[in-house]
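K.L.:
Enclosed is the structure file entry.txt (compact mmCIF, C-alpha atoms).
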# COMPACT_ATOMS: atom_id res chain seq x y z
CA MET Q 102 -31.81 83.20 -65.09
CA ASN Q 103 -29.42 85.31 -63.17
CA THR Q 104 -28.86 85.55 -59.46
CA ILE Q 105 -30.71 88.85 -59.07
CA THR Q 106 -33.90 87.41 -60.53
CA VAL Q 107 -33.74 84.36 -58.22
CA THR Q 108 -33.26 86.55 -55.20
CA ARG Q 109 -36.20 88.77 -56.09
CA ARG Q 110 -38.48 85.77 -56.51
CA ALA Q 111 -37.44 84.39 -53.09
CA ILE Q 112 -38.17 87.72 -51.48
CA ARG Q 113 -41.58 87.93 -53.14
CA ARG Q 114 -42.38 84.35 -51.98
CA GLU Q 115 -41.46 85.12 -48.41
CA TRP Q 116 -43.53 88.28 -48.35
CA THR Q 117 -46.47 86.42 -49.85
CA ILE Q 118 -46.30 83.73 -47.15
CA PHE Q 119 -45.98 86.39 -44.47
CA GLY Q 120 -49.03 88.21 -45.83
CA VAL Q 121 -51.12 85.05 -45.92
CA LEU Q 122 -50.18 84.15 -42.33
CA LEU Q 123 -50.94 87.71 -41.21
CA VAL Q 124 -54.40 87.60 -42.83
CA LEU Q 125 -55.10 84.20 -41.25
CA SER Q 126 -54.01 85.44 -37.83
CA VAL Q 127 -56.22 88.53 -38.07
CA GLY Q 128 -59.09 86.39 -39.26
CA LEU Q 129 -58.72 83.88 -36.46
CA MET Q 130 -58.54 86.68 -33.94
CA GLY Q 131 -61.73 88.03 -35.35
CA VAL Q 132 -63.67 84.79 -35.16
CA SER Q 133 -62.17 83.53 -31.88
CA GLY Q 134 -64.82 85.32 -29.89
CA THR Q 135 -67.74 83.88 -31.83
CA SER Q 136 -69.88 81.08 -30.44
CA THR Q 137 -68.96 78.84 -33.34
CA ALA Q 138 -65.27 79.10 -32.58
CA GLN Q 139 -65.89 78.46 -28.90
CA ASP Q 140 -68.02 75.41 -29.74
CA LEU Q 141 -65.25 74.16 -32.02
CA GLU Q 142 -62.62 74.73 -29.31
CA SER Q 143 -64.79 72.88 -26.78
CA SER Q 144 -65.26 69.98 -29.20
CA VAL Q 145 -61.53 69.78 -29.80
CA ASN Q 146 -60.83 69.88 -26.06
CA VAL Q 147 -63.38 67.14 -25.41
CA ALA Q 148 -61.91 65.03 -28.20
CA LEU Q 149 -58.35 65.49 -26.92
CA SER Q 150 -59.21 65.15 -23.21
CA PRO Q 151 -58.88 61.31 -23.09
CA ILE Q 152 -55.57 61.49 -24.86
CA GLU Q 153 -54.38 64.20 -22.48
CA THR Q 154 -55.56 62.12 -19.52
CA VAL Q 155 -53.69 59.04 -20.80
CA ILE Q 156 -50.56 61.07 -21.37
CA ASN Q 157 -50.81 62.69 -17.94
CA ASN Q 158 -51.42 59.31 -16.26
CA ALA Q 159 -48.50 57.80 -18.12
CA ALA Q 160 -46.29 60.68 -17.06
CA ASP Q 161 -47.47 60.37 -13.45
CA THR Q 162 -46.89 56.61 -13.51
CA ALA Q 163 -43.43 57.00 -14.98
CA GLY Q 164 -42.64 59.66 -12.39
CA SER Q 165 -43.91 57.40 -9.60
CA TYR Q 166 -41.78 54.50 -10.83
CA TRP Q 167 -38.72 56.70 -11.03
CA SER Q 168 -39.39 58.08 -7.56
CA ALA Q 169 -39.87 54.55 -6.21
CA ILE Q 170 -36.62 53.37 -7.80
CA THR Q 171 -34.78 56.37 -6.36
CA GLN Q 172 -36.35 55.76 -2.95
CA LEU Q 173 -35.47 52.05 -3.00
CA ASP Q 174 -31.87 52.82 -3.85
CA ARG Q 175 -31.71 55.35 -1.01
CA LEU Q 176 -33.30 52.86 1.41
CA ARG Q 177 -30.88 50.14 0.31
CA THR Q 178 -27.93 52.42 1.04
CA GLU Q 179 -29.43 53.42 4.38
CA ASN Q 180 -30.08 49.77 5.34
CA LYS Q 181 -26.50 48.85 4.52
CA ARG Q 182 -25.24 51.66 6.74
CA LEU Q 183 -27.58 50.62 9.55
CA ASP Q 184 -26.48 46.97 9.24
CA GLN Q 185 -22.86 48.02 9.62
CA GLU Q 186 -23.70 50.13 12.67
CA ASN Q 187 -25.69 47.24 14.18
CA GLN Q 188 -22.80 44.86 13.60
CA THR Q 189 -20.43 47.27 15.32
CA LEU Q 190 -22.83 47.63 18.26
CA ARG Q 191 -23.25 43.83 18.52
CA GLU Q 192 -19.48 43.39 18.61
CA GLU Q 193 -19.17 46.06 21.29
CA LEU Q 194 -21.94 44.40 23.33
CA ASP Q 195 -20.21 41.02 22.98
CA ARG Q 196 -17.00 42.57 24.27
CA MET Q 197 -18.64 44.35 27.17
CA PRO Q 198 -18.66 41.38 29.62
CA SER Q 199 -14.96 40.67 29.12
CA ILE Q 200 -14.09 44.37 29.26
CA SER Q 201 -16.18 44.75 32.41
CA LYS Q 202 -14.48 41.73 34.02
CA LEU Q 203 -11.06 43.08 33.05
CA ASN Q 204 -11.88 46.42 34.66
CA ASP Q 205 -13.24 44.70 37.78
CA ASP Q 206 -10.14 42.50 38.07
CA TRP Q 207 -7.86 45.50 37.67
CA THR Q 208 -9.81 47.39 40.35
CA LYS Q 209 -9.51 44.43 42.73
CA ILE Q 210 -5.78 43.97 42.17
CA THR Q 211 -5.05 47.68 42.66
CA GLU Q 212 -7.13 47.73 45.85
CA ALA Q 213 -5.31 44.62 47.08
CA GLN Q 214 -1.99 46.30 46.36
CA GLN Q 215 -2.86 49.03 48.85
CA SER Q 216 -3.60 46.54 51.64
CA VAL Q 217 -0.58 44.24 51.28
CA PRO Q 218 2.21 45.00 53.78
CA TYR Q 219 4.86 44.42 51.11
CA GLN Q 220 6.02 46.28 48.06
CA THR Q 221 4.31 44.72 45.07
CA THR Q 222 3.88 45.22 41.36
CA PRO Q 223 0.81 44.09 39.39
CA ALA Q 224 1.13 42.00 36.26
CA ARG Q 225 -1.29 40.51 33.78
CA VAL Q 226 -1.53 36.81 32.96
CA ILE Q 227 -0.92 36.33 29.24
CA VAL Q 228 -0.44 32.52 29.08
CA ARG Q 229 -1.92 29.87 31.36
CA ASP Q 230 -0.76 26.21 31.32
CA LEU Q 231 -2.62 23.90 33.71
CA SER Q 232 -1.67 20.70 31.91
CA ASP Q 233 -1.04 17.46 33.81
CA VAL Q 234 1.86 16.54 31.51
CA ARG Q 235 3.81 19.80 31.82
CA PRO Q 236 4.66 22.02 34.78
CA ARG Q 237 1.69 24.14 35.79
CA THR Q 238 2.68 27.70 35.04
CA LEU Q 239 1.49 31.22 34.29
CA ILE Q 240 3.32 33.63 32.02
CA LEU Q 241 3.12 37.28 33.04
CA ASN Q 242 3.59 40.38 30.92
CA LYS Q 243 6.44 41.76 33.05
CA GLY Q 244 10.07 40.73 33.38
CA SER Q 245 13.50 41.88 34.50
CA ASP Q 246 13.04 45.27 32.85
CA ASP Q 247 10.22 45.85 35.35
CA GLY Q 248 12.41 45.02 38.35
CA LEU Q 249 11.35 41.38 38.73
CA SER Q 250 13.69 38.53 39.59
CA ALA Q 251 13.53 34.76 39.87
CA GLY Q 252 12.17 33.36 43.14
CA GLN Q 253 9.79 36.21 43.89
CA VAL Q 254 6.39 35.18 45.33
CA VAL Q 255 3.18 35.81 43.38
CA MET Q 256 -0.26 36.26 44.93
CA ASP Q 257 -3.78 37.01 43.70
CA ALA Q 258 -6.15 39.86 44.56
CA GLY Q 259 -7.42 37.96 47.60
CA GLY Q 260 -3.96 37.65 49.12
CA ALA Q 261 -3.67 33.93 48.35
CA VAL Q 262 -0.42 32.35 47.16
CA VAL Q 263 -0.30 31.71 43.41
CA GLY Q 264 3.32 30.53 43.14
CA ARG Q 265 6.85 31.77 42.53
CA ILE Q 266 8.70 33.12 39.52
CA VAL Q 267 10.74 30.31 37.98
CA TYR Q 268 12.57 32.20 35.25
CA LEU Q 269 12.16 35.40 33.28
CA ASP Q 270 13.55 37.53 30.52
CA ALA Q 271 13.37 41.25 29.87
CA THR Q 272 9.62 41.49 29.23
CA VAL Q 273 7.91 38.33 30.53
CA SER Q 274 8.22 35.97 33.48
CA THR Q 275 7.07 32.41 34.18
CA VAL Q 276 5.39 31.50 37.49
CA LEU Q 277 5.38 27.92 38.81
CA LEU Q 278 1.97 27.44 40.44
CA VAL Q 279 1.71 26.30 44.05
CA SER Q 280 -0.43 23.37 42.80
CA ASP Q 281 2.41 21.93 40.70
CA PRO Q 282 3.88 18.70 42.19
CA SER Q 283 7.35 20.25 42.21
CA ALA Q 284 6.25 23.26 44.27
CA VAL Q 285 6.94 23.09 48.03
CA VAL Q 286 6.04 25.50 50.85
CA VAL Q 287 5.93 25.27 54.63
CA GLY Q 288 2.38 25.95 55.80
CA LYS Q 289 0.75 26.61 59.16
CA GLU Q 290 -2.79 25.88 60.27
CA ALA Q 291 -4.10 29.28 61.31
CA LYS Q 292 -5.85 28.26 64.57
CA THR Q 293 -3.45 25.75 66.13
CA GLY Q 294 -0.23 26.94 64.53
CA ALA Q 295 0.62 23.37 63.50
CA THR Q 296 3.11 23.38 60.63
CA GLY Q 297 3.70 20.99 57.77
CA THR Q 298 5.31 20.71 54.36
CA ILE Q 299 2.85 21.40 51.53
CA ARG Q 300 3.28 20.04 48.01
CA GLY Q 301 1.16 20.33 44.89
CA GLN Q 302 -0.70 17.29 43.65
CA ILE Q 303 -1.68 16.03 40.21
CA SER Q 304 -5.33 16.48 41.23
CA GLY Q 305 -4.79 20.22 41.63
CA ARG Q 306 -5.14 20.12 45.40
CA LEU Q 307 -2.30 20.43 47.91
CA LEU Q 308 -1.07 17.85 50.41
CA MET Q 309 0.12 19.05 53.83
CA GLN Q 310 2.43 16.42 55.40
CA TYR Q 311 4.44 15.89 58.58
CA VAL Q 312 1.95 17.68 60.84
CA ASP Q 313 2.21 16.73 64.52
CA VAL Q 314 -0.49 14.19 65.27
CA SER Q 315 -1.49 16.06 68.41
CA ALA Q 316 -2.62 19.05 66.36
CA LYS Q 317 -6.40 19.18 65.90
CA LEU Q 318 -6.81 19.69 62.18
CA GLN Q 319 -10.39 20.14 61.02
CA LYS Q 320 -12.13 20.43 57.69
CA GLY Q 321 -12.56 24.08 56.70
CA ASP Q 322 -9.57 25.35 58.70
CA ALA Q 323 -7.40 27.88 56.87
CA VAL Q 324 -3.73 27.22 56.16
CA VAL Q 325 -1.27 30.07 55.65
CA THR Q 326 2.42 30.34 54.85
CA ALA Q 327 4.54 29.77 57.96
CA GLY Q 328 7.45 31.91 56.85
CA GLU Q 329 9.74 29.03 57.87
CA THR Q 330 12.48 27.25 56.00
CA LEU Q 331 12.09 23.77 54.57
CA PRO Q 332 13.52 20.95 56.68
CA CYS Q 333 17.22 20.22 56.20
CA THR Q 334 18.01 23.64 54.70
CA ASN Q 335 19.73 26.67 56.14
CA ASP Q 336 18.07 29.20 53.87
CA ARG Q 337 15.31 31.54 54.90
CA SER Q 338 11.81 30.82 53.65
CA PRO Q 339 11.12 32.29 50.19
CA TYR Q 340 7.48 32.78 51.24
CA PRO Q 341 6.64 35.59 53.67
CA PRO Q 342 4.47 34.54 56.62
CA GLY Q 343 0.70 34.90 56.72
CA LEU Q 344 -0.19 34.50 53.04
CA LEU Q 345 -3.29 32.38 52.56
CA ILE Q 346 -2.63 28.98 50.98
CA GLY Q 347 -6.06 27.35 51.18
CA ASP Q 348 -8.61 25.50 53.31
CA ILE Q 349 -8.40 21.95 54.63
CA VAL Q 350 -10.89 19.67 52.86
CA GLU Q 351 -9.83 16.33 54.35
CA VAL Q 352 -7.65 15.10 57.22
CA PHE Q 353 -5.74 11.79 57.18
CA PRO Q 354 -4.94 10.88 60.81
CA ASP Q 355 -2.98 7.75 61.68
CA PRO Q 356 -3.17 6.68 65.34
CA ASN Q 357 -0.05 4.55 64.87
CA ALA Q 358 2.10 7.45 63.61
CA VAL Q 359 3.46 10.60 65.16
CA VAL Q 360 2.45 12.80 62.21
CA GLN Q 361 -0.66 13.31 60.10
CA SER Q 362 -1.55 14.68 56.68
CA ALA Q 363 -4.31 16.86 55.24
CA SER Q 364 -5.64 17.71 51.79
CA ILE Q 365 -5.95 21.43 51.02
CA GLU Q 366 -7.99 23.23 48.38
CA PRO Q 367 -5.90 26.16 47.03
CA ALA Q 368 -7.47 29.55 47.74
CA ALA Q 369 -5.84 31.33 44.81
CA HIS Q 370 -7.67 31.71 41.52
CA LEU Q 371 -5.18 29.64 39.57
CA SER Q 372 -7.45 28.96 36.59
CA ASP Q 373 -9.07 32.36 36.02
CA ALA Q 374 -6.94 35.09 37.61
CA THR Q 375 -6.45 37.95 35.14
CA PHE Q 376 -4.03 40.03 37.21
CA VAL Q 377 -1.63 39.04 40.00
CA LEU Q 378 0.70 40.80 42.42
CA ILE Q 379 4.44 40.07 42.64
CA ILE Q 380 6.07 40.72 46.02
CA THR Q 381 9.31 42.53 45.21
CA ASP Q 382 10.77 43.51 48.59
CA TYR Q 383 10.74 40.24 50.56
CA GLN Q 384 14.21 38.77 50.95
CA GLY Q 385 13.54 35.05 50.74
CA GLY Q 386 16.23 32.41 51.07
CA PHE Q 387 15.61 29.80 48.38
CA GLY Q 388 16.79 30.02 44.83
CA PRO Q 389 14.24 29.84 42.02
CA PRO Q 390 12.32 26.55 41.94
CA VAL Q 391 13.08 24.27 39.01
CA PRO Q 392 9.93 22.71 37.49
CA SER Q 393 10.16 19.02 36.73
CA ALA Q 394 9.52 17.78 33.21
CA SER Q 395 6.97 15.28 34.46
CA PRO Q 396 5.19 15.51 37.84
CA SER Q 397 6.50 12.85 40.19
CA ALA Q 398 4.92 13.77 43.51
CA SER Q 399 2.52 11.20 44.83
CA ALA Q 400 -1.00 12.14 45.82
CA SER Q 401 -0.89 9.70 48.77
CA PRO Q 402 1.86 9.41 51.37
CA SER Q 403 2.85 5.92 52.50
CA THR Q 404 4.05 4.58 55.84
CA SER Q 405 7.18 3.04 54.33
CA SER Q 406 8.95 2.67 51.02
CA SER Q 407 7.74 -0.91 50.63
CA ALA Q 408 4.13 -0.36 51.65
CA LYS Q 409 1.45 -0.77 49.00
CA PRO Q 410 -0.54 2.34 48.12
CA THR Q 411 -3.95 2.60 49.73
CA ALA Q 412 -7.03 4.64 48.90
CA GLN Q 413 -6.42 6.88 51.91
CA PRO Q 414 -2.96 8.38 52.49
CA SER Q 415 -1.31 7.71 55.82
CA ALA Q 416 1.16 9.82 57.72
CA GLN Q 417 4.88 9.55 57.05
CA PRO Q 418 7.62 9.88 59.65
CA THR Q 419 9.39 13.17 59.87
CA PRO Q 420 12.15 13.20 57.22
CA ARG Q 421 15.72 13.03 58.37
CA CYS Q 422 18.41 15.29 56.99
For the file at hand, write its structure as structure tokens.

P.N.:
Amino acid sequence: MNTITVTRRAIRREWTIFGVLLVLSVGLMGVSGTSTAQDLESSVNVALSPIETVINNAADTAGSYWSAITQLDRLRTENKRLDQENQTLREELDRMPSISKLNDDWTKITEAQQSVPYQTTPARVIVRDLSDVRPRTLILNKGSDDGLSAGQVVMDAGGAVVGRIVYLDATVSTVLLVSDPSAVVVGKEAKTGATGTIRGQISGRLLMQYVDVSAKLQKGDAVVTAGETLPCTNDRSPYPPGLLIGDIVEVFPDPNAVVQSASIEPAAHLSDATFVLIITDYQGGFGPPVPSASPSASASPSTSSSAKPTAQPSAQPTPRC
């Protein structure tokens, strides 16, 4: 059998199949309009309807599951984003009180700077040491590069004495607090003008000594810097006059002595001041104070070097040079 014969047979087979399909198509078209064909079509539709319903329901269920999975994934991503935003907002809310206080403190210190009759520069407290075993100090964020020098007086926003700069470098400076036992200042009771030497105490209060016994010191009276030199020195006072030191909380009179003492509560915010003012144009006389390694000042004066300490301090005689 050659190739030509095979090809002819294939062509005849294809045309035969085509003719049969054409006859069937024409026949079906002819009978499609008859009632029998319609009844048959209806029967087939009724028979296949449950299957179609099951398939449609399965497709709808699968589509619903897929939509739910897609929705859950989208919601999970959205919840994660919202959690991050909420965390950021919570952190900002937690910071708001401290930021608000910082702004308030800065506003107060700048307003105070306008009312002080001296040239001042504001500085921020960056380290605070109120220990009883070390000198009580503050470290400020300004130093010699900002025009500061040792011995300059530091005050708070209320005009109360904080202390004096002990030492400094280019960018920071250390302030010895007025409540440190090694700090000394001449104070004056505002009403009577009675003066006395004021020293810091371990308790955190101040002790005003060598006040004339005739002066009427009373609880609640304000004490300010006298602007006077310390006894037995020829230098000018490093503290300008009129700065608030604190209020008298207790008086220790001694009818047998010519002087009296008083306990003073410092007015400056030594434990929580955020910003302070450094007086830069007052020409004081003392050199920078040198903090002691361990506080040695006594909280109670005694009448003599051999007297036993008592619960209530008594006045000391005026020191001799």

K.L.:
Any idea what the distance is between CA of Gln384 in chain Q and CA of Ile299 in chain Q?

P.N.:
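Separation between CA of Gln384 in chain Q and CA of Ile299 in chain Q: 20.8 Å.
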
K.L.:
Q:Leu277, Q:Thr330, Q:Asp355, Q:Leu249: which is nearest Asp382 in chain Q, counting only C-alpha atoms?

P.N.:
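Counting only C-alpha atoms, the residue closest to Asp382 in chain Q is Q:Leu249.
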
K.L.:
Just the number, please: distance in Å from CA of Val273 in chain Q to CA of Ile240 in chain Q, one decimal.

P.N.:
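A separation of 6.7 Å between them.
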
K.L.:
Quick one: residues within 6 Å of range 232-238 of chain Q, all atoms listed in the file, excluding same-chain residues fewer than 4 positions away - as JSON, numbers by chain?

P.N.:
{"Q": [276, 277, 278, 281, 392]}

K.L.:
For the selection just defined, write its residues with C-alpha atoms to a file, as a short mmCIF file (atom, residue, chain, number, x, y, z; two decimals), in the coordinates of the input.

P.N.:
data_model
loop_
_atom_site.label_atom_id
_atom_site.label_comp_id
_atom_site.auth_asym_id
_atom_site.auth_seq_id
_atom_site.Cartn_x
_atom_site.Cartn_y
_atom_site.Cartn_z
CA VAL Q 276 5.39 31.50 37.49
CA LEU Q 277 5.38 27.92 38.81
CA LEU Q 278 1.97 27.44 40.44
CA ASP Q 281 2.41 21.93 40.70
CA PRO Q 392 9.93 22.71 37.49
#

K.L.:
Write out as a VMD selection string which residues come within 12 Å of Leu318 in chain Q when counting only C-alpha atoms, dropping same-chain ones fewer than 5 positions away.

P.N.:
chain Q and resid 289 to 297 309 to 310 312 to 313 323 to 324 348 to 354 360 to 365

K.L.:
Would you list the residues near (-7.0, 34.6, 50.1) (no more than 6 Å away, in the coordinates of the file, using all atoms listed in the file) as JSON, numbers by chain?

P.N.:
{"Q": [259, 260, 261, 345, 368]}
